[in-house]
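Inspection log for the structure reproduced underneath, given as structure tokens.
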Amino acid sequence: MPDGGQNFPALVLNADFRPLSYFPLSLWAWQDAVKAVFLDRVSVLSEYEHEVHSVSLSMKLPSVIALKDFVPSMRQPAFTRFNVFLRDGFTCQYCHDRLPAPDLTFDHVIPRARGGRTTWENVVTACGACNLRKGSKLPRECKMFPYETPRRPNSWELQDRGRAFPPNFLHESWRDFLYWDSELET
């Protein structure tokens, strides 16, 4: 395939027909999707027009697949930089500027130098300028308080937040399977 299959990812849905994740969107390379079809681990719900061929078989590439076995989501999301940014809506919790991930960092509300820990309850998203300005000071010392009190989100909250950040590429065959629980226009 000339493009290496990059233009044919498959949207992966759980057995309940909801995406495994919204942000990042649960996508598999076409090779993984085809393998899962042959191993009978997924059902094909939609296909691309593009076909792949072997000596004895021709098949359209799957564009939407659903797992046959339900995969429960993790109850407690991993504590990662990305998940902190997602919890905070990619918004600096001090100046409230919304920025792309490469322009963000995280800040310890109670600085590590003052005994603060690296936990959901003590880390917030910050832009570089605010993080530098706050430094190793306590919020009351520099009059910089987070807009929202940091807390541990659950998986559903992060999934819901992720839906607000649509991916750069959405194939039209995926639209019926994404945002299906959002309010319909009347």
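Identifiers in this document derive from the order of the structure tokens: chains are assigned A, B, ..., residues are numbered from 1 separately in each chain, and ligands are numbered from 1 in order of occurrence.
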
Practice problem: Going by DSSP on the backbone, which bits of chain A are strand (DSSP E or B)? Write them as a ChimeraX atom specification, please. | Solution: /A:10-13,19,22,25,27-28,42-53,58-67,91,98,104-108,123-127

Writer output for current selection, C-alpha atoms, as a short mmCIF file (atom, residue, chain, number, x, y, z; two decimals), in the first residue's frame:
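For reference, again-v1.cif as written:
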data_model
loop_
_atom_site.label_atom_id
_atom_site.label_comp_id
_atom_site.auth_asym_id
_atom_site.auth_seq_id
_atom_site.Cartn_x
_atom_site.Cartn_y
_atom_site.Cartn_z
CA ALA A 10 -10.13 1.78 12.22
CA LEU A 11 -12.21 3.36 14.97
CA VAL A 12 -12.33 0.85 17.83
CA LEU A 13 -15.52 0.56 19.86
CA PRO A 19 -15.27 4.27 21.77
CA TYR A 22 -12.26 9.72 23.08
CA LEU A 25 -9.45 8.58 20.04
CA LEU A 27 -7.83 3.93 16.63
CA TRP A 28 -6.03 0.88 15.29
CA VAL A 42 -14.09 -7.86 16.53
CA SER A 43 -17.18 -7.24 14.45
CA VAL A 44 -16.87 -4.97 11.42
CA LEU A 45 -19.49 -2.22 11.52
CA SER A 46 -18.31 -0.07 8.61
CA GLU A 47 -15.75 -0.36 5.83
CA TYR A 48 -13.64 1.85 3.62
CA GLU A 49 -13.96 1.51 -0.15
CA HIS A 50 -10.27 0.56 -0.29
CA GLU A 51 -9.51 -3.16 -0.48
CA VAL A 52 -6.51 -5.29 0.42
CA HIS A 53 -5.71 -8.45 -1.47
CA SER A 58 -9.90 -9.71 -1.17
CA MET A 59 -11.51 -7.60 1.55
CA LYS A 60 -12.48 -4.01 2.20
CA LEU A 61 -10.56 -2.39 5.03
CA PRO A 62 -12.61 -1.96 8.21
CA SER A 63 -13.26 1.66 9.21
CA VAL A 64 -15.26 0.92 12.39
CA ILE A 65 -14.89 -2.21 14.49
CA ALA A 66 -16.44 -3.29 17.79
CA LEU A 67 -14.77 -5.62 20.25
CA THR A 91 -6.03 25.68 30.51
CA ARG A 98 -6.07 27.81 26.96
CA LEU A 104 1.92 23.86 29.05
CA THR A 105 3.65 22.51 32.11
CA PHE A 106 2.39 21.47 35.49
CA ASP A 107 2.78 23.24 38.77
CA HIS A 108 2.85 21.94 42.32
CA VAL A 123 -0.68 19.43 40.68
CA VAL A 124 -2.35 21.80 38.21
CA THR A 125 -1.82 22.81 34.60
CA ALA A 126 0.17 26.02 34.20
CA CYS A 127 1.64 28.04 31.36
#

Quiz item: Got a sec: who's within 9 Å of Val109 of chain A, counting only C-alpha atoms, leaving out chain neighbours fewer than 4 positions off, as a PyMOL selection string?
Solution: chain A and resi 116+121-124+137-139+145-146+150

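Closest approach to Phe177 of chain A from the set A:Tyr94, A:Phe8, A:Phe17, A:Phe82 is made by A:Phe17, with distances taken over only C-alpha atoms.
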
Quiz item: At what distance in Å, to one decimal, does atom CA of Asp16 of chain A lie from atom CA of Thr80 of chain A?
Solution: 26.9 Å

Quiz item: For Asp69 of chain A, which of A:Ser21, A:Ser26, A:Pro153, A:Arg41 is the closest residue, counting only C-alpha atoms?
Solution: A:Arg41

Practice problem: Looking only at helix (DSSP H, G or I) from DSSP on the backbone, list the matching residues of chain A as a ChimeraX atom specification. | Solution: /A:30-38,81-87,101-103,112-114,128-134,139-142,155-162,172-174

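Note that the spacing between atom CA of Tyr147 of chain A and atom CA of Gln93 of chain A amounts to 5.2 Å.
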
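The nearest approach to Asp103 of chain A among the residues A:Leu170, A:Leu178, A:Leu39, A:Ala129, with only C-alpha atoms taken into account, belongs to A:Ala129.
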